[in-house]
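Peer 1: Okay, so here is start_15.tsv, and as you'll see once you scroll down, it has TSV, C-alpha atoms and all ligand atoms.
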```tsv
chain	number	residue	atom	x	y	z
A	25	MET	CA	0.00	0.00	0.00
A	26	LYS	CA	1.22	3.50	-0.85
A	27	ILE	CA	1.38	6.38	1.63
A	28	VAL	CA	0.41	9.04	-0.94
A	29	TYR	CA	-2.75	8.36	-2.96
A	30	GLY	CA	-5.24	10.16	-5.19
A	31	PRO	CA	-6.04	12.87	-6.01
A	32	VAL	CA	-9.46	11.86	-4.68
A	33	ALA	CA	-12.58	13.78	-5.81
A	34	SER	CA	-13.79	15.22	-2.51
A	35	TRP	CA	-17.16	17.02	-2.24
A	36	ARG	CA	-15.79	19.17	0.58
A	37	LEU	CA	-12.12	19.70	-0.30
A	38	GLY	CA	-11.87	19.51	-4.11
A	39	ARG	CA	-9.06	17.47	-5.69
A	40	SER	CA	-7.44	16.05	-2.61
A	41	LEU	CA	-4.05	14.29	-2.55
A	42	GLY	CA	-4.14	11.88	0.39
A	43	VAL	CA	-1.25	11.26	2.75
A	44	ASP	CA	-1.90	8.19	4.90
A	45	LEU	CA	0.05	8.25	8.17
A	46	ILE	CA	-1.40	4.86	9.16
A	47	CYS	CA	-1.00	3.02	5.84
A	48	SER	CA	-1.88	-0.42	7.14
A	49	GLU	CA	-3.74	-3.16	5.21
A	50	LYS	CA	-6.37	-3.17	7.99
A	51	LYS	CA	-7.60	-0.02	9.71
A	52	ILE	CA	-6.08	1.28	12.93
A	53	CYS	CA	-8.47	3.72	14.57
A	54	THR	CA	-9.72	5.05	17.91
A	55	PHE	CA	-13.25	4.30	16.65
A	56	ASP	CA	-15.04	1.43	14.95
A	57	CYS	CA	-17.96	3.38	13.48
A	58	ILE	CA	-20.99	1.32	12.46
A	59	TYR	CA	-20.83	2.94	8.99
A	60	CYS	CA	-17.09	2.43	8.44
A	61	GLN	CA	-16.22	0.86	5.11
A	62	LEU	CA	-13.05	-0.57	6.59
A	63	LYS	CA	-14.47	-3.51	8.51
A	64	GLU	CA	-11.46	-5.25	9.98
A	65	GLY	CA	-8.74	-3.71	12.07
A	66	LYS	CA	-7.54	-2.55	15.46
A	67	VAL	CA	-9.35	-0.15	17.78
A	68	THR	CA	-6.86	1.67	20.01
A	69	ASN	CA	-6.06	5.07	21.49
A	70	LYS	CA	-2.30	4.39	21.78
A	71	ARG	CA	-0.30	6.68	19.52
A	72	ASP	CA	2.53	5.11	17.49
A	73	SER	CA	4.67	5.68	14.39
A	74	PHE	CA	3.30	3.72	11.46
A	75	VAL	CA	5.21	5.11	8.47
A	76	SER	CA	8.54	6.95	8.43
A	77	SER	CA	8.49	10.68	7.71
A	78	GLU	CA	11.30	10.10	5.17
A	79	GLU	CA	9.07	7.68	3.22
A	80	VAL	CA	6.33	10.33	3.19
A	81	LYS	CA	8.87	12.81	1.81
A	82	LYS	CA	9.98	10.45	-0.95
A	83	GLU	CA	6.44	9.56	-2.11
A	84	LEU	CA	5.06	13.09	-1.85
A	85	LYS	CA	7.95	14.61	-3.77
A	86	LEU	CA	7.32	12.19	-6.61
A	87	ALA	CA	3.52	12.63	-6.56
A	88	LEU	CA	3.77	16.44	-6.68
A	89	LYS	CA	5.83	16.14	-9.87
A	90	GLN	CA	3.00	14.16	-11.47
A	91	THR	CA	-0.16	15.95	-10.31
A	92	THR	CA	-1.43	19.33	-9.10
A	93	PRO	CA	-4.16	18.83	-6.48
A	94	ASP	CA	-6.17	21.56	-4.72
A	95	VAL	CA	-5.19	20.35	-1.28
A	96	ILE	CA	-3.04	17.79	0.55
A	97	THR	CA	-5.07	15.83	3.12
A	98	LEU	CA	-3.97	13.69	6.06
A	99	SER	CA	-6.44	10.81	5.88
A	100	GLY	CA	-6.40	7.09	5.23
A	101	MET	CA	-6.64	3.67	6.85
A	102	GLY	CA	-7.69	4.93	10.27
A	103	GLU	CA	-7.30	7.95	12.50
A	104	PRO	CA	-4.34	10.14	11.37
A	105	THR	CA	-3.80	11.76	14.80
A	106	LEU	CA	-2.74	8.32	16.11
A	107	ALA	CA	0.55	8.88	14.25
A	108	LYS	CA	3.17	10.05	16.74
A	109	ASN	CA	5.27	11.53	13.93
A	110	MET	CA	2.43	13.71	12.61
A	111	ASN	CA	4.26	16.87	13.67
A	112	ARG	CA	7.47	16.03	11.79
A	113	THR	CA	5.45	14.92	8.77
A	114	ILE	CA	3.58	18.24	8.68
A	115	GLU	CA	6.96	20.04	8.64
A	116	ILE	CA	8.10	17.88	5.70
A	117	ILE	CA	4.88	18.54	3.76
A	118	ARG	CA	5.34	22.28	4.34
A	119	GLU	CA	8.92	22.09	3.02
A	120	LEU	CA	7.69	20.40	-0.17
A	121	SER	CA	4.52	22.32	-0.95
A	122	ASP	CA	2.62	25.60	-0.46
A	123	LEU	CA	-0.73	23.88	-1.04
A	124	PRO	CA	-3.31	24.05	1.76
A	125	LEU	CA	-2.95	21.17	4.21
A	126	ALA	CA	-6.12	19.52	5.55
A	127	ILE	CA	-6.90	16.68	7.95
A	128	LEU	CA	-9.95	14.43	8.26
A	129	THR	CA	-10.07	13.46	11.92
A	130	ASN	CA	-12.60	11.75	14.20
A	131	SER	CA	-11.73	14.33	16.93
A	132	SER	CA	-11.09	11.67	19.60
A	133	LEU	CA	-7.50	12.73	20.43
A	134	MET	CA	-8.01	16.50	20.26
A	135	ASN	CA	-7.84	16.70	24.04
A	136	ASP	CA	-4.17	15.53	23.89
A	137	GLU	CA	-1.83	18.52	24.10
A	138	ASN	CA	0.69	17.12	21.61
A	139	VAL	CA	-2.06	16.38	19.09
A	140	GLN	CA	-3.51	19.88	19.55
A	141	ASN	CA	-0.11	21.49	18.96
A	142	SER	CA	0.31	19.59	15.69
A	143	LEU	CA	-3.24	20.31	14.53
A	144	LYS	CA	-2.71	24.05	15.03
A	145	LYS	CA	-0.17	23.90	12.16
A	146	ILE	CA	-2.80	22.63	9.66
A	147	ASP	CA	-4.90	24.93	7.43
A	148	ILE	CA	-8.19	23.00	7.32
A	149	ILE	CA	-9.50	20.72	10.07
A	150	VAL	CA	-12.52	18.54	9.31
A	151	ALA	CA	-13.63	17.19	12.70
A	152	LYS	CA	-16.20	14.44	13.20
A	153	LEU	CA	-19.16	14.83	15.59
A	154	ASP	CA	-21.88	12.18	15.16
A	155	ALA	CA	-23.36	12.00	18.66
A	156	HIS	CA	-24.54	14.34	21.41
A	157	ASN	CA	-24.05	12.03	24.41
A	158	GLN	CA	-22.10	9.00	25.60
A	159	VAL	CA	-24.82	6.45	24.79
A	160	LEU	CA	-25.15	7.50	21.15
A	161	PHE	CA	-21.37	7.95	20.88
A	162	GLU	CA	-20.91	4.30	21.93
A	163	ASN	CA	-23.70	3.11	19.61
A	164	ILE	CA	-22.41	4.88	16.50
A	165	ASN	CA	-18.67	5.37	16.93
A	166	ARG	CA	-17.87	2.36	19.18
A	167	PRO	CA	-14.74	4.04	20.61
A	168	ALA	CA	-11.59	2.49	22.09
A	169	GLU	CA	-11.52	2.08	25.87
A	170	GLY	CA	-10.80	5.41	27.53
A	171	VAL	CA	-12.21	7.52	24.68
A	172	THR	CA	-15.35	9.24	25.93
A	173	PHE	CA	-17.87	11.67	24.47
A	174	GLU	CA	-17.12	14.24	27.17
A	175	LYS	CA	-13.35	14.27	26.54
A	176	THR	CA	-13.85	14.30	22.77
A	177	PHE	CA	-16.26	17.22	22.83
A	178	ALA	CA	-14.04	19.16	25.27
A	179	GLY	CA	-11.09	18.57	22.93
A	180	ILE	CA	-13.02	19.91	19.92
A	181	LYS	CA	-14.06	23.06	21.78
A	182	SER	CA	-10.60	23.66	23.18
A	183	LEU	CA	-8.85	23.28	19.81
A	184	ARG	CA	-11.45	25.44	18.08
A	185	ARG	CA	-10.71	28.29	20.50
A	186	HIS	CA	-7.00	28.22	19.64
A	187	PHE	CA	-7.18	27.46	15.92
A	188	ASN	CA	-6.75	30.14	13.24
A	189	GLY	CA	-7.42	28.12	10.08
A	190	LYS	CA	-10.70	26.80	8.66
A	191	PHE	CA	-12.50	24.60	11.18
A	192	ALA	CA	-15.28	22.35	9.82
A	193	ILE	CA	-17.54	19.94	11.70
A	194	GLN	CA	-18.64	16.85	9.76
A	195	ILE	CA	-21.72	14.95	10.92
A	196	MET	CA	-22.71	11.59	9.48
A	197	PHE	CA	-26.49	11.24	9.69
A	198	MET	CA	-28.28	7.88	9.66
A	199	LYS	CA	-31.35	6.40	11.37
A	200	GLU	CA	-29.48	6.14	14.70
A	201	ASN	CA	-28.97	9.91	15.09
A	202	LYS	CA	-31.44	11.61	12.73
A	203	GLU	CA	-33.90	12.26	15.57
A	204	HIS	CA	-31.12	14.06	17.46
A	205	ALA	CA	-30.29	16.63	14.79
A	206	GLN	CA	-31.56	19.42	17.07
A	207	GLU	CA	-29.22	18.45	19.94
A	208	LEU	CA	-26.34	18.10	17.47
A	209	ALA	CA	-27.10	21.55	16.02
A	210	GLU	CA	-27.02	23.06	19.52
A	211	LEU	CA	-23.65	21.45	20.30
A	212	THR	CA	-22.31	22.57	16.93
A	213	LYS	CA	-23.33	26.17	17.70
A	214	GLU	CA	-21.24	25.98	20.89
A	215	ILE	CA	-18.21	25.09	18.74
A	216	CYS	CA	-18.76	27.97	16.25
A	217	PRO	CA	-17.25	26.17	13.23
A	218	ASP	CA	-16.58	27.90	9.93
A	219	GLU	CA	-18.56	25.17	8.14
A	220	VAL	CA	-20.86	22.23	8.95
A	221	GLN	CA	-20.70	19.27	6.57
A	222	ILE	CA	-23.97	17.30	6.56
A	223	ASN	CA	-23.22	13.78	5.41
A	224	THR	CA	-24.81	10.31	5.16
A	225	PRO	CA	-23.06	7.00	4.33
A	226	LEU	CA	-23.18	6.86	0.52
A	227	ARG	CA	-20.22	4.53	0.14
A	228	PRO	CA	-21.04	0.80	0.42
A	229	CYS	CA	-21.31	-0.19	4.12
A	230	ASP	CA	-23.70	-1.84	6.59
A	231	VAL	CA	-25.68	1.35	7.28
A	232	LYS	CA	-28.40	2.63	4.97
A	233	PRO	CA	-27.97	6.27	3.91
A	234	LEU	CA	-30.72	8.83	4.51
A	235	SER	CA	-32.49	10.19	1.44
A	236	LYS	CA	-31.84	13.63	-0.05
A	237	ARG	CA	-35.16	14.83	1.31
A	238	GLU	CA	-34.29	13.65	4.85
A	239	LEU	CA	-30.86	15.32	4.68
A	240	ASP	CA	-32.40	18.56	3.35
A	241	GLU	CA	-34.78	18.60	6.34
A	242	ILE	CA	-31.87	18.06	8.72
A	243	GLU	CA	-29.89	20.86	7.06
A	244	LYS	CA	-32.74	23.28	7.88
A	245	ILE	CA	-32.26	22.52	11.59
A	246	PHE	CA	-28.73	23.94	11.27
A	247	THR	CA	-30.01	27.30	10.01
A	248	GLY	CA	-27.68	30.09	11.07
A	249	LEU	CA	-24.59	27.93	10.53
A	250	ASN	CA	-22.69	27.72	7.26
A	251	THR	CA	-23.76	24.27	6.01
A	252	ILE	CA	-22.91	22.14	3.02
A	253	SER	CA	-24.54	18.80	2.27
A	254	VAL	CA	-23.23	15.74	0.44
A	255	TYR	CA	-26.26	15.59	-1.90
A	256	ASN	CA	-25.97	19.25	-2.91
A	257	SER	CA	-22.20	19.51	-3.39
A	258	PRO	CA	-20.77	18.59	-6.81
A	259	LYS	CA	-17.54	16.67	-6.88
A	260	PRO	CA	-14.64	17.80	-9.09
A	261	LYS	CA	-13.18	15.63	-11.86
A	262	THR	CA	-9.89	13.99	-10.95
A	263	ASP	CA	-7.26	11.92	-12.64
A	264	PRO	CA	-5.83	9.65	-9.92
A	265	LEU	CA	-2.16	8.67	-10.13
A	266	ASP	CA	-3.01	5.03	-9.35
A	267	LYS	CA	-6.64	3.85	-9.72
A	268	LEU	CA	-5.93	0.40	-8.24
A	269	GLU	CA	-4.64	2.05	-5.08
A	270	LEU	CA	-7.95	3.92	-4.74
A	271	ILE	CA	-9.95	0.74	-5.29
A	272	LYS	CA	-7.89	-0.94	-2.57
A	273	ARG	CA	-8.68	2.00	-0.32
A	274	ARG	CA	-12.35	2.01	-1.43
A	275	ARG	CA	-12.07	5.65	-2.40
A	276	LEU	CA	-13.53	5.47	-5.88
A	277	GLU	CA	-17.12	5.46	-4.66
A	278	PRO	CA	-19.03	8.71	-3.91
B	301	LIG	S1	-13.33	7.21	12.36
B	301	LIG	FE1	-13.28	6.83	10.16
B	301	LIG	S2	-11.75	5.16	9.89
B	301	LIG	FE2	-12.29	5.26	12.07
B	301	LIG	S3	-13.89	3.73	12.27
B	301	LIG	FE3	-14.91	5.72	11.96
B	301	LIG	S4	-15.23	5.85	9.75
B	301	LIG	FE4	-13.74	4.21	10.10
```
The structure in this file should be written as structure tokens.
Ligand code: SF4

Peer 2:
Amino acid sequence: MKIVYGPVASWRLGRSLGVDLICSEKKICTFDCIYCQLKEGKVTNKRDSFVSSEEVKKELKLALKQTTPDVITLSGMGEPTLAKNMNRTIEIIRELSDLPLAILTNSSLMNDENVQNSLKKIDIIVAKLDAHNQVLFENINRPAEGVTFEKTFAGIKSLRRHFNGKFAIQIMFMKENKEHAQELAELTKEICPDEVQINTPLRPCDVKPLSKRELDEIEKIFTGLNTISVYNSPKPKTDPLDKLELIKRRRLEP
């Protein structure tokens, strides 16, 4: 598996060149979300180094000679903030490119000071928030031991206060949380994000997506916040460097 993949056609980021700091055949994540496409893997909150920063440098240098994406995104086979060498890798990416740097994170380690310090160096944070309390958090995100809703939400709010880039909240809606859109909107208002990304699982997985009409109704509940929705956001055209790599990563679907 390669560390650098794409560009992926992202409805929220444009043509996104992925950098996978986990890069494992099976996912390594602090969550095991019921809608995750990556079924098998390890659920842990122990940070570790999974790929060397020098390997990232080598692959990214080569990829940037072959393609011009809109953004470089830390994302991949699990939760990118689990990578202990995230800070060094961000420095390397900055040395190689002036493109905006984004991260797709499940927010679970934002209460860790080292993670926060690294995240402050990123331009665009897309932070997951699918639940408004511990019970729903456990039902949907099935977190690693020690990862709680309270700590996760406190981490999001704390980082938001100290972050100068674009801060987006992404919420995956499905039957389990659609009746709690009001509570989620209230929590989201406390965070004051620059953008709210209203999503539903459209890629093949065990959870049925909500319809466009249901998602449009939910979006109305977030009135007053700057929302975008997966059904209403066109995806750009991309020309991936390696299509097989994207199929392996299940990133060719919507
Ligand atoms: S946070 Fe992302 S990678 Fe981790 S289990 Fe949830 S959907 Fe899968």

Peer 1: Record the distance separating CA of Thr105 in chain A and CA of Leu234 in chain A, expressed in Å with one decimal.

Peer 2: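 Going from CA of Thr105 in chain A over to CA of Leu234 in chain A, I get 29.0 Å.
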
Peer 1: Within 10 Å of Ser182 in chain A, counting only C-alpha atoms, which residues show up once you throw out same-chain ones fewer than 5 positions away? Write them as a ChimeraX atom specification, please.

Peer 2: /A:134-135,140,176-177,187,215

Peer 1: Ligand LIG 301 (chain B): which residues are within 9 Å, counting all atoms listed in the file, as a list in words?

Peer 2: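 The residues within 9 Å of ligand LIG 301 (chain B), counting all atoms listed in the file, are Lys51, Ile52, Cys53, Thr54, Phe55, Asp56, Cys57, Ile58, Tyr59, Cys60, Gln61, Leu62, Lys63, Val67, Ser99, Gly100, Met101, Gly102, Glu103, Leu128, Thr129, Asn130, Ser131, Ser132, Lys152, Ile164, Asn165, Arg166 and Pro167 of chain A.
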
Peer 1: Provide the CA of Leu84 in chain A to CA of Leu125 in chain A distance in Å, to one decimal place.

Peer 2: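 It comes out at 12.9 Å.
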
Peer 1: Any idea what the distance is between CA of Asn250 in chain A and CA of Pro225 in chain A?

Peer 2: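 CA of Pro225 in chain A lies at a distance of 20.9 Å from CA of Asn250 in chain A.
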
Peer 1: Looking at only C-alpha atoms, which of A:Asp72, A:Asp230, A:Glu219, A:Asp154 is the one that sits closest to Ser253 in chain A?

Peer 2: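 For Ser253 in chain A, the nearest of the given residues is A:Glu219.
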
Peer 1: Might you pull out every residue within 12 Å of Ser235 in chain A, with all atoms listed in the file counted and same-chain residues fewer than 5 positions away left off, and present them as a ChimeraX atom specification?

Peer 2: /A:197-199,202,223-226,240-242,253-256

Peer 1: Might you pull out every residue within 8 Å of Ala126 in chain A, with all atoms listed in the file counted and same-chain residues fewer than 2 positions away left off, and present them as a list in words?

Peer 2: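 Result of the neighbour search: Val95, Ile96, Thr97, Leu98, Pro124, Leu128, Ile146, Asp147, Ile148, Ile149 and Val150 of chain A.
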
Peer 1: Write out, as an mmCIF file, in the coordinates of the input, the residues just selected, with C-alpha atoms.

Peer 2:
```
data_model
loop_
_atom_site.group_PDB
_atom_site.id
_atom_site.type_symbol
_atom_site.label_atom_id
_atom_site.label_comp_id
_atom_site.auth_asym_id
_atom_site.auth_seq_id
_atom_site.Cartn_x
_atom_site.Cartn_y
_atom_site.Cartn_z
ATOM 1 C CA VAL A 95 -5.190 20.350 -1.280
ATOM 2 C CA ILE A 96 -3.040 17.790 0.550
ATOM 3 C CA THR A 97 -5.070 15.830 3.120
ATOM 4 C CA LEU A 98 -3.970 13.690 6.060
ATOM 5 C CA PRO A 124 -3.310 24.050 1.760
ATOM 6 C CA LEU A 128 -9.950 14.430 8.260
ATOM 7 C CA ILE A 146 -2.800 22.630 9.660
ATOM 8 C CA ASP A 147 -4.900 24.930 7.430
ATOM 9 C CA ILE A 148 -8.190 23.000 7.320
ATOM 10 C CA ILE A 149 -9.500 20.720 10.070
ATOM 11 C CA VAL A 150 -12.520 18.540 9.310
#
```

Peer 1: For Gln194 in chain A, which residue among A:Arg36, A:Val231, A:Phe173, A:Ser48 is the nearest when counting only C-alpha atoms?

Peer 2: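 For Gln194 in chain A, the nearest of the candidates is A:Arg36.
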
Peer 1: Fewer than 3 positions away in the same chain doesn't count, so skip those; otherwise give me all residues within 8 Å of Ile117 in chain A, counting only C-alpha atoms, as a VMD selection string.

Peer 2: chain A and resid 81 84 113 to 114 120 to 121

Peer 1: Show which residues sit within 12 Å of Lys82 in chain A, as a list in words. Count all atoms listed in the file, and ignore same-chain residues fewer than 4 positions away.

Peer 2: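 Near neighbours after the sequence-gap exclusion: Lys26, Ile27, Val28, Val43, Val75, Ser76, Ser77, Glu78, Leu86, Ala87, Leu88, Lys89, Thr113, Ile116, Ile117 and Leu120 of chain A.
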
Peer 1: Return the single residue from A:Leu123, A:Leu208, A:Ala192, A:Cys229 that is closest to Phe161 in chain A, with distances computed using all atoms listed in the file.

Peer 2: A:Leu208
